[in-house]
Every structure is written in C-alpha cells, then in structure tokens.
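Enquirer: Contents are PDB, C-alpha atoms; file name final_12.pdb:
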ATOM      1  CA  MET E 429     123.693 104.960 108.283
ATOM      2  CA  SER E 430     123.503 102.173 105.735
ATOM      3  CA  HIS E 431     120.580 100.542 104.073
ATOM      4  CA  PRO E 432     120.124  98.001 101.253
ATOM      5  CA  HIS E 433     117.839 100.310  99.295
ATOM      6  CA  TYR E 434     120.113 103.366  99.232
ATOM      7  CA  SER E 435     121.738 102.316  95.954
ATOM      8  CA  THR E 436     118.524 101.623  94.073
ATOM      9  CA  GLY E 437     115.628 103.835  93.070
ATOM     10  CA  ALA E 438     113.906 101.041  91.183
ATOM     11  CA  LEU E 439     111.300 100.499  93.904
ATOM     12  CA  VAL E 440     110.032 104.089  93.887
ATOM     13  CA  ARG E 441     108.220 104.049  90.574
ATOM     14  CA  GLY E 442     104.853 103.033  89.187
ATOM     15  CA  VAL E 443     102.050 103.239  91.740
ATOM     16  CA  SER E 444     103.161 104.415  95.190
ATOM     17  CA  PRO E 445     100.047 104.820  97.368
ATOM     18  CA  VAL E 446      99.754 107.186 100.317
ATOM     19  CA  LEU E 447      98.328 105.240 103.259
ATOM     20  CA  GLU E 448      95.132 106.388 104.952
ATOM     21  CA  VAL E 449      94.575 106.353 108.711
ATOM     22  CA  PRO E 450      91.400 104.793 110.121
ATOM     23  CA  PHE E 451      89.746 106.153 113.235
ATOM     24  CA  ARG E 452      86.994 104.647 115.352
ATOM     25  CA  GLU E 453      83.603 106.356 115.500
ATOM     26  CA  ASN E 454      84.622 108.223 118.662
ATOM     27  CA  GLY E 455      87.716 109.605 116.919
ATOM     28  CA  ASP E 456      90.220 107.283 118.570
ATOM     29  CA  LEU E 457      93.022 105.926 116.431
ATOM     30  CA  ASP E 458      92.454 102.420 114.994
ATOM     31  CA  PRO E 459      95.972 100.915 114.838
ATOM     32  CA  ASP E 460      94.667  97.453 113.920
ATOM     33  CA  GLY E 461      92.757  98.981 111.021
ATOM     34  CA  PHE E 462      95.922 100.742 109.885
ATOM     35  CA  GLY E 463      97.747  97.424 109.920
ATOM     36  CA  VAL E 464      95.065  96.003 107.640
ATOM     37  CA  VAL E 465      95.459  98.997 105.307
ATOM     38  CA  VAL E 466      99.208  98.371 105.071
ATOM     39  CA  ASP E 467      98.751  94.646 104.466
ATOM     40  CA  ARG E 468      96.029  95.053 101.831
ATOM     41  CA  VAL E 469      97.896  97.756  99.943
ATOM     42  CA  LEU E 470     101.152  95.791  99.937
ATOM     43  CA  ALA E 471      99.204  92.743  98.736
ATOM     44  CA  THR E 472      98.362  94.598  95.518
ATOM     45  CA  GLY E 473     102.002  94.247  94.495
ATOM     46  CA  VAL E 474     103.099  97.880  94.704
ATOM     47  CA  SER E 475     106.817  98.367  95.252
ATOM     48  CA  SER E 476     106.533 101.423  97.530
ATOM     49  CA  VAL E 477     104.084 103.151  99.861
ATOM     50  CA  MET E 478     104.173 106.496 101.644
ATOM     51  CA  PHE E 479     103.093 107.628 105.116
ATOM     52  CA  PRO E 480     102.022 110.110 106.391
ATOM     53  CA  GLY E 481     100.735 112.376 103.623
ATOM     54  CA  PHE E 482      97.739 114.659 103.184
ATOM     55  CA  ALA E 483      95.722 111.495 102.476
ATOM     56  CA  SER E 484      96.819 110.217 105.905
ATOM     57  CA  GLU E 485      95.346 113.291 107.659
ATOM     58  CA  PHE E 486      98.832 113.852 109.085
ATOM     59  CA  HIS E 487      97.725 117.245 110.370
ATOM     60  CA  LYS E 488      95.242 115.509 112.702
ATOM     61  CA  LEU E 489      97.724 113.080 114.274
ATOM     62  CA  ASP E 490      99.691 113.837 117.401
ATOM     63  CA  GLY E 491     103.365 112.940 117.629
ATOM     64  CA  GLY E 492     102.800 109.671 119.448
ATOM     65  CA  GLU E 493     100.184 108.491 116.966
ATOM     66  CA  ARG E 494     102.398 109.331 114.030
ATOM     67  CA  GLN E 495     105.335 107.410 115.495
ATOM     68  CA  LEU E 496     103.148 104.433 116.403
ATOM     69  CA  LEU E 497     101.784 104.121 112.872
ATOM     70  CA  THR E 498     105.199 104.689 111.300
ATOM     71  CA  GLY E 499     106.484 101.830 113.424
ATOM     72  CA  LEU E 500     103.643  99.549 112.309
ATOM     73  CA  LEU E 501     104.500 100.292 108.695
ATOM     74  CA  LEU E 502     108.237  99.788 109.100
ATOM     75  CA  GLU E 503     107.712  96.502 110.946
ATOM     76  CA  ARG E 504     106.042  95.195 107.791
ATOM     77  CA  THR E 505     108.623  96.516 105.327
ATOM     78  CA  ARG E 506     111.976  96.487 107.128
ATOM     79  CA  ASP E 507     112.952  92.960 106.057
ATOM     80  CA  ARG E 508     111.450  93.093 102.574
ATOM     81  CA  ALA E 509     113.666  93.753  99.568
ATOM     82  CA  ASP E 510     110.678  94.101  97.215
ATOM     83  CA  VAL E 511     109.032  97.158  98.770
ATOM     84  CA  ALA E 512     110.174 100.574  99.929
ATOM     85  CA  ALA E 513     108.609 102.435 102.849
ATOM     86  CA  ILE E 514     108.665 106.186 102.213
ATOM     87  CA  VAL E 515     108.282 108.126 105.461
ATOM     88  CA  SER E 516     107.050 111.676 105.013
ATOM     89  CA  VAL E 517     108.436 114.612 106.976
ATOM     90  CA  PRO E 518     105.868 117.444 106.962
ATOM     91  CA  ASP E 519     107.160 119.227 110.074
ATOM     92  CA  HIS E 520     107.255 123.005 109.769
ATOM     93  CA  ALA E 521     110.147 123.809 112.105
ATOM     94  CA  THR E 522     113.506 122.907 110.581
ATOM     95  CA  ARG E 523     114.714 121.607 113.942
ATOM     96  CA  HIS E 524     111.791 119.176 114.168
ATOM     97  CA  ALA E 525     111.999 118.186 110.499
ATOM     98  CA  VAL E 526     115.678 117.265 110.859
ATOM     99  CA  ALA E 527     114.955 115.304 114.038
ATOM    100  CA  GLN E 528     112.011 113.438 112.495
ATOM    101  CA  ALA E 529     113.913 112.709 109.293
ATOM    102  CA  THR E 530     116.882 111.365 111.243
ATOM    103  CA  LEU E 531     114.605 109.226 113.403
ATOM    104  CA  ALA E 532     112.851 107.794 110.334
ATOM    105  CA  ALA E 533     116.209 106.896 108.806
ATOM    106  CA  GLU E 534     117.337 105.212 112.025
ATOM    107  CA  ARG E 535     114.089 103.236 112.214
ATOM    108  CA  GLY E 536     114.572 101.783 108.746
ATOM    109  CA  ALA E 537     112.767 104.037 106.285
ATOM    110  CA  ASP E 538     113.823 103.298 102.710
ATOM    111  CA  ALA E 539     113.267 106.886 101.551
ATOM    112  CA  LEU E 540     111.865 110.151 102.843
ATOM    113  CA  ASN E 541     109.242 112.478 101.435
ATOM    114  CA  LEU E 542     109.946 116.076 102.441
ATOM    115  CA  LEU E 543     107.103 118.582 102.447
ATOM    116  CA  PRO E 544     108.704 122.055 102.576
ATOM    117  CA  PRO E 545     107.454 124.434 105.296
ATOM    118  CA  TYR E 546     104.576 126.711 104.373
ATOM    119  CA  PHE E 547     102.720 128.052 107.420
ATOM    120  CA  LEU E 548     102.661 131.879 107.387
ATOM    121  CA  GLY E 549     104.517 132.088 104.080
ATOM    122  CA  PRO E 550     108.219 131.561 104.871
ATOM    123  CA  SER E 551     110.616 133.217 102.430
ATOM    124  CA  ARG E 552     112.101 131.312  99.522
ATOM    125  CA  ASP E 553     115.517 131.377 101.213
ATOM    126  CA  ALA E 554     114.024 129.998 104.432
ATOM    127  CA  VAL E 555     112.320 127.163 102.532
ATOM    128  CA  LEU E 556     115.544 126.265 100.730
ATOM    129  CA  THR E 557     117.539 126.364 103.966
ATOM    130  CA  HIS E 558     115.017 123.958 105.491
ATOM    131  CA  VAL E 559     115.187 121.540 102.541
ATOM    132  CA  ARG E 560     119.002 121.628 102.494
ATOM    133  CA  ALA E 561     119.168 120.924 106.240
ATOM    134  CA  VAL E 562     117.012 117.811 105.967
ATOM    135  CA  LEU E 563     118.823 116.528 102.872
ATOM    136  CA  ALA E 564     122.173 116.925 104.605
ATOM    137  CA  ALA E 565     121.001 115.326 107.841
ATOM    138  CA  VAL E 566     119.921 112.041 106.229
ATOM    139  CA  ASP E 567     122.441 111.702 103.395
ATOM    140  CA  PRO E 568     122.676 109.204 101.657
ATOM    141  CA  LEU E 569     119.044 108.240 102.309
ATOM    142  CA  PRO E 570     117.015 108.984  99.129
ATOM    143  CA  VAL E 571     114.575 111.876  99.420
ATOM    144  CA  ILE E 572     111.497 113.015  97.501
ATOM    145  CA  VAL E 573     110.702 116.735  97.681
ATOM    146  CA  GLN E 574     106.952 117.296  97.539
ATOM    147  CA  TYR E 575     105.804 120.301  95.531
ATOM    148  CA  ALA E 576     102.158 120.962  96.371
ATOM    149  CA  PRO E 577     101.496 124.653  95.683
ATOM    150  CA  ALA E 578      97.700 124.384  95.875
ATOM    151  CA  GLN E 579      97.931 122.973  99.403
ATOM    152  CA  THR E 580     100.927 124.970 100.624
ATOM    153  CA  GLY E 581     101.522 128.026  98.447
ATOM    154  CA  THR E 582     105.213 127.103  98.321
ATOM    155  CA  ALA E 583     106.779 128.011  94.969
ATOM    156  CA  LEU E 584     109.708 126.027  93.582
ATOM    157  CA  ASP E 585     110.896 125.795  89.989
ATOM    158  CA  ALA E 586     112.937 123.321  87.949
ATOM    159  CA  PRO E 587     116.241 125.261  88.037
ATOM    160  CA  THR E 588     116.016 125.527  91.828
ATOM    161  CA  LEU E 589     115.235 121.833  92.228
ATOM    162  CA  HIS E 590     118.035 120.875  89.846
ATOM    163  CA  GLN E 591     120.424 123.024  91.873
ATOM    164  CA  LEU E 592     119.333 121.357  95.114
ATOM    165  CA  ALA E 593     119.871 117.938  93.528
ATOM    166  CA  ALA E 594     123.341 118.971  92.337
ATOM    167  CA  GLU E 595     124.239 120.026  95.885
ATOM    168  CA  HIS E 596     122.560 117.001  97.492
ATOM    169  CA  PRO E 597     122.548 113.888  95.267
ATOM    170  CA  ASN E 598     120.207 112.132  97.694
ATOM    171  CA  LEU E 599     117.419 114.372  96.346
ATOM    172  CA  ARG E 600     116.230 111.719  93.938
ATOM    173  CA  TRP E 601     112.654 112.623  92.982
ATOM    174  CA  VAL E 602     110.118 115.421  93.059
ATOM    175  CA  LYS E 603     106.453 114.782  93.766
ATOM    176  CA  VAL E 604     104.674 117.246  91.509
ATOM    177  CA  GLU E 605     101.203 118.417  92.506
ATOM    178  CA  SER E 606     101.030 121.655  90.569
ATOM    179  CA  ALA E 607      98.035 122.155  88.286
ATOM    180  CA  PRO E 608      98.745 121.220  85.594
ATOM    181  CA  PRO E 609     101.879 119.239  86.506
ATOM    182  CA  GLY E 610     103.166 118.402  83.043
ATOM    183  CA  ARG E 611     105.423 121.372  82.285
ATOM    184  CA  LEU E 612     107.325 121.084  85.551
ATOM    185  CA  ILE E 613     107.674 117.313  85.079
ATOM    186  CA  ALA E 614     109.123 117.862  81.603
ATOM    187  CA  ALA E 615     111.472 120.581  82.853
ATOM    188  CA  LEU E 616     112.707 118.337  85.663
ATOM    189  CA  ALA E 617     113.369 115.529  83.161
ATOM    190  CA  ALA E 618     115.559 117.833  81.058
ATOM    191  CA  GLY E 619     119.057 119.090  81.742
ATOM    192  CA  GLU E 620     122.379 117.519  82.654
ATOM    193  CA  ARG E 621     120.979 115.668  85.655
ATOM    194  CA  PRO E 622     117.376 114.692  84.982
ATOM    195  CA  LEU E 623     115.260 114.634  88.135
ATOM    196  CA  PRO E 624     112.501 112.010  88.001
ATOM    197  CA  ALA E 625     109.006 113.117  88.961
ATOM    198  CA  LEU E 626     106.118 111.380  90.672
ATOM    199  CA  VAL E 627     102.744 112.938  90.014
ATOM    200  CA  GLY E 628     100.307 113.465  92.881
ATOM    201  CA  TYR E 629      96.876 115.099  93.045
ATOM    202  CA  ALA E 630      95.129 111.705  92.723
ATOM    203  CA  GLY E 631      96.636 111.310  89.262
ATOM    204  CA  LEU E 632      94.021 113.652  87.836
ATOM    205  CA  GLN E 633      96.437 114.578  85.026
ATOM    206  CA  LEU E 634      98.185 111.200  84.922
ATOM    207  CA  PRO E 635      98.216 110.539  81.134
ATOM    208  CA  ASP E 636      99.734 113.950  80.418
ATOM    209  CA  ALA E 637     102.244 113.469  83.237
ATOM    210  CA  LEU E 638     103.308 110.101  81.805
ATOM    211  CA  ARG E 639     103.705 111.538  78.325
ATOM    212  CA  ARG E 640     106.038 114.156  79.797
ATOM    213  CA  GLY E 641     108.182 111.658  81.662
ATOM    214  CA  ALA E 642     106.677 110.998  85.098
ATOM    215  CA  VAL E 643     108.019 107.775  86.596
ATOM    216  CA  GLY E 644     105.175 107.155  89.007
ATOM    217  CA  VAL E 645     101.969 108.289  90.665
ATOM    218  CA  GLN E 646     101.228 108.754  94.387
ATOM    219  CA  PRO E 647      97.462 108.578  94.885
ATOM    220  CA  GLY E 648      95.439 107.629  97.931
ATOM    221  CA  CYS E 649      95.261 103.917  98.650
ATOM    222  CA  SER E 650      91.629 102.789  98.687
ATOM    223  CA  PHE E 651      91.457 101.877  94.990
ATOM    224  CA  THR E 652      95.119 101.203  94.279
ATOM    225  CA  GLU E 653      94.160  98.448  91.838
ATOM    226  CA  LEU E 654      92.743 100.947  89.340
ATOM    227  CA  TYR E 655      96.032 102.833  89.181
ATOM    228  CA  ILE E 656      97.964  99.567  88.896
ATOM    229  CA  GLU E 657      95.822  98.492  85.947
ATOM    230  CA  LEU E 658      96.233 101.877  84.305
ATOM    231  CA  TRP E 659      99.987 101.704  84.826
ATOM    232  CA  ARG E 660     100.120  98.127  83.470
ATOM    233  CA  ARG E 661      98.363  99.164  80.280
ATOM    234  CA  TRP E 662     100.659 102.136  79.820
ATOM    235  CA  GLU E 663     103.817 100.077  80.412
ATOM    236  CA  GLN E 664     102.655  97.470  77.885
ATOM    237  CA  GLY E 665     102.205 100.139  75.236
ATOM    238  CA  ASP E 666      98.410 100.236  75.443
ATOM    239  CA  GLU E 667      98.137 104.001  75.763
ATOM    240  CA  ALA E 668      94.574 103.993  74.471
ATOM    241  CA  GLY E 669      93.534 101.459  77.094
ATOM    242  CA  ALA E 670      95.265 103.394  79.867
ATOM    243  CA  VAL E 671      93.604 106.629  78.788
ATOM    244  CA  ALA E 672      90.215 104.906  78.517
ATOM    245  CA  LEU E 673      90.442 103.701  82.122
ATOM    246  CA  HIS E 674      91.605 107.113  83.286
ATOM    247  CA  THR E 675      88.702 108.738  81.427
ATOM    248  CA  ARG E 676      86.294 106.544  83.409
ATOM    249  CA  MET E 677      87.965 107.614  86.661
ATOM    250  CA  VAL E 678      88.046 111.346  85.913
ATOM    251  CA  PRO E 679      84.407 112.233  86.811
ATOM    252  CA  TYR E 680      84.988 110.858  90.300
ATOM    253  CA  LEU E 681      88.528 112.199  90.769
ATOM    254  CA  SER E 682      87.653 115.667  89.500
ATOM    255  CA  TYR E 683      84.784 115.925  91.997
ATOM    256  CA  TRP E 684      86.667 114.454  94.946
ATOM    257  CA  MET E 685      89.789 116.527  94.318
ATOM    258  CA  GLN E 686      87.883 119.747  94.878
ATOM    259  CA  GLY E 687      89.192 119.406  98.422
ATOM    260  CA  VAL E 688      91.665 117.213 100.270
ATOM    261  CA  GLU E 689      89.180 116.534 103.060
ATOM    262  CA  LEU E 690      86.561 115.501 100.476
ATOM    263  CA  ILE E 691      88.724 112.863  98.793
ATOM    264  CA  VAL E 692      89.912 111.596 102.192
ATOM    265  CA  ALA E 693      86.287 111.077 103.234
ATOM    266  CA  ALA E 694      85.401 109.395  99.944
ATOM    267  CA  GLU E 695      88.377 107.062 100.043
ATOM    268  CA  LYS E 696      87.638 106.054 103.622
ATOM    269  CA  GLU E 697      84.051 105.186 102.684
ATOM    270  CA  ILE E 698      85.376 103.010  99.866
ATOM    271  CA  SER E 699      87.821 101.260 102.216
ATOM    272  CA  VAL E 700      85.043 100.546 104.710
ATOM    273  CA  ARG E 701      83.043  98.953 101.897
ATOM    274  CA  ARG E 702      86.072  96.816 101.095
ATOM    275  CA  GLY E 703      86.076  95.596 104.706
ATOM    276  CA  TRP E 704      89.450  97.079 105.613
ATOM    277  CA  PHE E 705      88.219  98.796 108.787
ATOM    278  CA  GLY E 706      84.951  99.548 110.492
ATOM    279  CA  SER E 707      84.437 103.316 110.417
ATOM    280  CA  ALA E 708      84.852 106.025 107.783
ATOM    281  CA  HIS E 709      85.212 108.615 110.560
ATOM    282  CA  CYS E 710      87.385 111.652 109.791
ATOM    283  CA  ARG E 711      88.601 113.761 112.679
ATOM    284  CA  ALA E 712      87.129 117.242 112.790
ATOM    285  CA  PRO E 713      87.449 119.534 111.057
ATOM    286  CA  GLY E 714      86.733 117.390 108.055
ATOM    287  CA  HIS E 715      84.247 116.746 105.276
ATOM    288  CA  ARG E 716      80.959 114.997 105.962
ATOM    289  CA  LEU E 717      79.675 113.206 102.862
ATOM    290  CA  ASP E 718      76.097 114.079 101.959
ATOM    291  CA  GLU E 719      73.543 111.763 100.363
ATOM    292  CA  GLU E 720      74.475 112.607  96.783
ATOM    293  CA  GLU E 721      78.149 112.083  97.516
ATOM    294  CA  ILE E 722      77.318 108.677  98.981
ATOM    295  CA  ARG E 723      75.378 107.860  95.797
ATOM    296  CA  MET E 724      78.451 108.865  93.783
ATOM    297  CA  ILE E 725      80.476 106.329  95.761
ATOM    298  CA  ASP E 726      77.743 103.753  95.070
ATOM    299  CA  ARG E 727      78.179 104.416  91.340
ATOM    300  CA  PHE E 728      81.967 104.224  91.626
ATOM    301  CA  CYS E 729      81.790 100.861  93.386
ATOM    302  CA  THR E 730      79.407  99.484  90.759
ATOM    303  CA  GLU E 731      81.451 100.771  87.835
ATOM    304  CA  PHE E 732      84.784  99.410  89.005
ATOM    305  CA  ALA E 733      83.702  96.161  90.654
ATOM    306  CA  GLU E 734      85.242  94.191  87.788
ATOM    307  CA  LEU E 735      88.692  95.469  88.775
ATOM    308  CA  ILE E 736      88.089  95.448  92.559
ATOM    309  CA  PRO E 737      85.815  92.478  93.317
ATOM    310  CA  GLU E 738      85.450  93.512  96.986
ATOM    311  CA  LEU E 739      83.371  96.472  95.784
ATOM    312  CA  ALA E 740      80.714  94.120  94.407
ATOM    313  CA  ARG E 741      79.725  93.047  97.901
TER
END
Just dump the structure as structure tokens.

Expert:
Amino acid sequence: MSHPHYSTGALVRGVSPVLEVPFRENGDLDPDGFGVVVDRVLATGVSSVMFPGFASEFHKLDGGERQLLTGLLLERTRDRADVAAIVSVPDHATRHAVAQATLAAERGADALNLLPPYFLGPSRDAVLTHVRAVLAAVDPLPVIVQYAPAQTGTALDAPTLHQLAAEHPNLRWVKVESAPPGRLIAALAAGERPLPALVGYAGLQLPDALRRGAVGVQPGCSFTELYIELWRRWEQGDEAGAVALHTRMVPYLSYWMQGVELIVAAEKEISVRRGWFGSAHCRAPGHRLDEEEIRMIDRFCTEFAELIPELAR
C-alpha cells in the first residue's frame, strides 16, 4: 500500500468533524443528503473529516450502508491533497476490524480511527491484541486510537498507548474522550515519543485540552464553523476570544452531551435548518427532542447566526 498522505500528519489537526448520516422520515438512508453533508463540511475549509463515528450513528447502519457512505466520502477526497478522509473502524470482532481496516486502506482512506472493542467487557490483553492486529494490518497507514471510556468502558493509559506507538509507529494520534481529558492529553504529550491528542466529546473541555497540548478537536459537523472560529482565535494568540466563544457554546454543549443520542438529534435538527437535508429523523432507538429542547435549538440558532448565516433563515 502507498498513499501520498502517509508521510504527513499535517492534515489531521485543528477541527476534524465527524460526519452525520441523514435518514428520510421512514428511516431509509438518504445518500444524497450525506453527499451534501460531506460537501458543506469540506467547504468550511477543514483539512480532515471522520466517518463513521458515534455522531454518525454507526451502530444503526448495516454493512452495505456503511460501505456505500464510505465510498461517497472517499470519492470526494481521494484526489484532494488538502483534505484527509479518516475512516473509522468500530467493529468488535478482531477479524472484522482487520478486514474493514484493510478495505478502507485499499479504497483510499488517508487515515483510520480505531475504536477498541468493548461489548461484554473484553480483557485488557484482548483489547490490546485487537489494536495491535489492526495497526499491523494497515501499516504504514496512520491510525488514531479512540479512547472513549464513558461510551465504551475501555480503560487505556498513557504508558500503554506510548508502548503501542513504540511497537507500531503508524499509531499517530489518540482521540481522548475521557472526562476530563486534560491529564491524559498532557501525559501523552510527554515522554520520549510524544503522542498527539485530538479531543472529542463535542469539545466540552476544549480550552483546557488546548492548554495541555491537544492538536485538534473532533466534534459533530452541524456547526463546524463555530469550532473553526474558536480554533482561529486560539491559533492567533487570542486565548480570551477563544474562551469567550467557548463559554457561549458551553450551555448548549453541556446539555446536549448528556447523551450521545441527544446531541445527534440536536445536530440533525440544526443541519435541517441549514438546508443540508430534509429530515432530522434518527433511527430507533434514539432521542426524540421535546418542545423545550426545540426551543433551545431556536436560541442556539439565534445566538450564533452571525457566525453561521444559514441559521438566520
């Protein structure tokens, strides 16, 4: 395998949105709507995107749907040197994870995101064997290991992750979704071979993560522009301005991040209001927004219309 992006990690930094998946009102997949999502998110100027993550409702997609949407994404990124497509591998069985990772590499993924197995509490040794198998199978393709203990219960620590990276240099980043994430981010950045971290969890602790060395954030995609503006301020040395914008976002993020299904539903409603696709349907089981939650989205759209003009409609 060879790929122009293998030698550079410069694209996987800053804001790296996780793409959502639109469904029609009857629950059918909306591939055209997904294409619009990809196009609109790439048009914001981000240098990488990820699919499928928790924000993509990957656990509600069958294998054919997942491959179809992955193909739609890679068609739009394969010939672009300015953007990296990160394909996530959340498969529980090591056999399937290796097969899916290899397929993604063959289809032109620029990097992988590996979610370690977690159903029924596999042992630490079993988790590490799984991660090593995928890293070895796709070497030298760059890989992000996703650490999401709240969603998965999987426990990894900095020494373990550093050891994995020493064994497999294509482990290039860790997506940190622990709460709070800062200490692990700082520990990963230390040592003989610093391991860059991307912070997840909607960037709820983003300022602290940046102070401790995070190189990027992987939020959902429906208001990517807010994260880009926050990142721009931070990069230009305007920490106060970045924190001020984040402080405005926190009341919404802290409510929505009470549950993955809740923030997925909220983000889809925002994307519908932006005109990206026609239905905010989430496949069951999911979260149904109530009237007060809809009013919260109304307030969000009003408050941030100056940064996302589509929300003023």

Enquirer: So that I can see what lies close to Thr588 (chain E), please list as a count of residues only the residues with an atom at most 12 Å from it, counting all atoms listed in the file and leaving out residues fewer than 4 positions away in the same chain.

Expert: 18

Enquirer: Set the distance at 12 Å and use all atoms listed in the file: which residues neighbour Gln495 (chain E) once local chain neighbours fewer than 3 positions away are removed? I'd like the list as a list in words.

Expert: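 In the requested form, the answer reads Pro459, Phe479, Pro480, Phe486, Leu489, Asp490, Gly491, Gly492, Thr498, Gly499, Leu500, Leu501, Leu502, Val515, Ser516, Val517, Gln528, Ala529, Leu531, Ala532 and Arg535 of chain E.
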
Enquirer: Name the residues in contact with region 712-718 of chain E at a cut-off of 12 Å, using all atoms listed in the file, excluding same-chain residues fewer than 5 positions from it; report them as a VMD selection string.

Expert: chain E and resid 451 453 to 456 485 487 to 489 684 686 to 697 723 to 725

Enquirer: Just checking: using all atoms listed in the file, which residue out of E:Ala630, E:Ala637, E:Ala618, E:Ile722 ends up closest to Ala483 (chain E)?

Expert: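 Once distances to Ala483 (chain E) are computed over all atoms listed in the file, the minimum belongs to E:Ala630.
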
Enquirer: Env of Tyr575 (chain E): 6 Å cut, atoms = all atoms listed in the file, seq-sep filter 5 positions within chain, self excluded. Answer as a list in words.

Expert: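 My reading of the contact set: Lys603, Val604 and Glu605 of chain E.
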
Enquirer: Translate the PyMOL selection byres ((chain E and resi 617) around 12) into a concrete residue list for this structure, as number ranges by chain.

Expert: E: 586-587, 589-590, 600-602, 610-616, 618-626, 637-643

Enquirer: Report the residues retrieved by the PyMOL selection byres ((chain E and resi 663) around 12) from the displayed file, expressed as a list in words.

Expert: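 Selection result, ordered by chain and number: Arg441, Gly442, Val443, Pro635, Leu638, Arg639, Val643, Gly644, Ile656, Glu657, Leu658, Trp659, Arg660, Arg661, Trp662, Gln664, Gly665, Asp666, Glu667, Ala668, Gly669 and Ala670 of chain E.
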
Enquirer: Residues picked by the PyMOL selection byres ((chain E and resi 530) around 12) here, as a ChimeraX atom specification?

Expert: /E:429,515-517,523-529,531-537,539-540,561-569

Enquirer: If you keep C-alpha atoms, can you produce a file of those selected residues as a CSV table (one decimal), in the frame of the given file?

Expert:
chain,number,residue,atom,x,y,z
E,429,MET,CA,123.7,105.0,108.3
E,515,VAL,CA,108.3,108.1,105.5
E,516,SER,CA,107.0,111.7,105.0
E,517,VAL,CA,108.4,114.6,107.0
E,523,ARG,CA,114.7,121.6,113.9
E,524,HIS,CA,111.8,119.2,114.2
E,525,ALA,CA,112.0,118.2,110.5
E,526,VAL,CA,115.7,117.3,110.9
E,527,ALA,CA,115.0,115.3,114.0
E,528,GLN,CA,112.0,113.4,112.5
E,529,ALA,CA,113.9,112.7,109.3
E,531,LEU,CA,114.6,109.2,113.4
E,532,ALA,CA,112.9,107.8,110.3
E,533,ALA,CA,116.2,106.9,108.8
E,534,GLU,CA,117.3,105.2,112.0
E,535,ARG,CA,114.1,103.2,112.2
E,536,GLY,CA,114.6,101.8,108.7
E,537,ALA,CA,112.8,104.0,106.3
E,539,ALA,CA,113.3,106.9,101.6
E,540,LEU,CA,111.9,110.2,102.8
E,561,ALA,CA,119.2,120.9,106.2
E,562,VAL,CA,117.0,117.8,106.0
E,563,LEU,CA,118.8,116.5,102.9
E,564,ALA,CA,122.2,116.9,104.6
E,565,ALA,CA,121.0,115.3,107.8
E,566,VAL,CA,119.9,112.0,106.2
E,567,ASP,CA,122.4,111.7,103.4
E,568,PRO,CA,122.7,109.2,101.7
E,569,LEU,CA,119.0,108.2,102.3

Enquirer: Go ahead and compute the interatomic distance for CA of Arg711 (chain E) and CA of Glu493 (chain E), in Å to one decimal.

Expert: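 So the answer is 13.4 Å.
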
Enquirer: May I have the protein, DNA and RNA residues with any atom at most 9 Å from the point (109.3, 98.2, 94.9), counting all atoms listed in the file, written as a short mmCIF file (atom, residue, chain, number, x, y, z; two decimals) with C-alpha atoms, keeping the file's coordinate frame?

Expert:
data_model
loop_
_atom_site.label_atom_id
_atom_site.label_comp_id
_atom_site.auth_asym_id
_atom_site.auth_seq_id
_atom_site.Cartn_x
_atom_site.Cartn_y
_atom_site.Cartn_z
CA GLY E 437 115.63 103.84 93.07
CA ALA E 438 113.91 101.04 91.18
CA LEU E 439 111.30 100.50 93.90
CA VAL E 440 110.03 104.09 93.89
CA ARG E 441 108.22 104.05 90.57
CA GLY E 442 104.85 103.03 89.19
CA SER E 444 103.16 104.42 95.19
CA GLY E 473 102.00 94.25 94.50
CA VAL E 474 103.10 97.88 94.70
CA SER E 475 106.82 98.37 95.25
CA SER E 476 106.53 101.42 97.53
CA VAL E 477 104.08 103.15 99.86
CA ALA E 509 113.67 93.75 99.57
CA ASP E 510 110.68 94.10 97.22
CA VAL E 511 109.03 97.16 98.77
CA ALA E 512 110.17 100.57 99.93
#

Enquirer: Tell me, in Å to one decimal, how far CA of Glu721 (chain E) is from CA of Phe462 (chain E).

Expert: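 For CA of Glu721 (chain E) relative to CA of Phe462 (chain E), the distance reads 24.4 Å.
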
Enquirer: Work out how far apart CA of Asp507 (chain E) and CA of Glu738 (chain E) are and give it in Å to one decimal.

Expert: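 Taking CA of Asp507 (chain E) and CA of Glu738 (chain E), their separation equals 29.0 Å.
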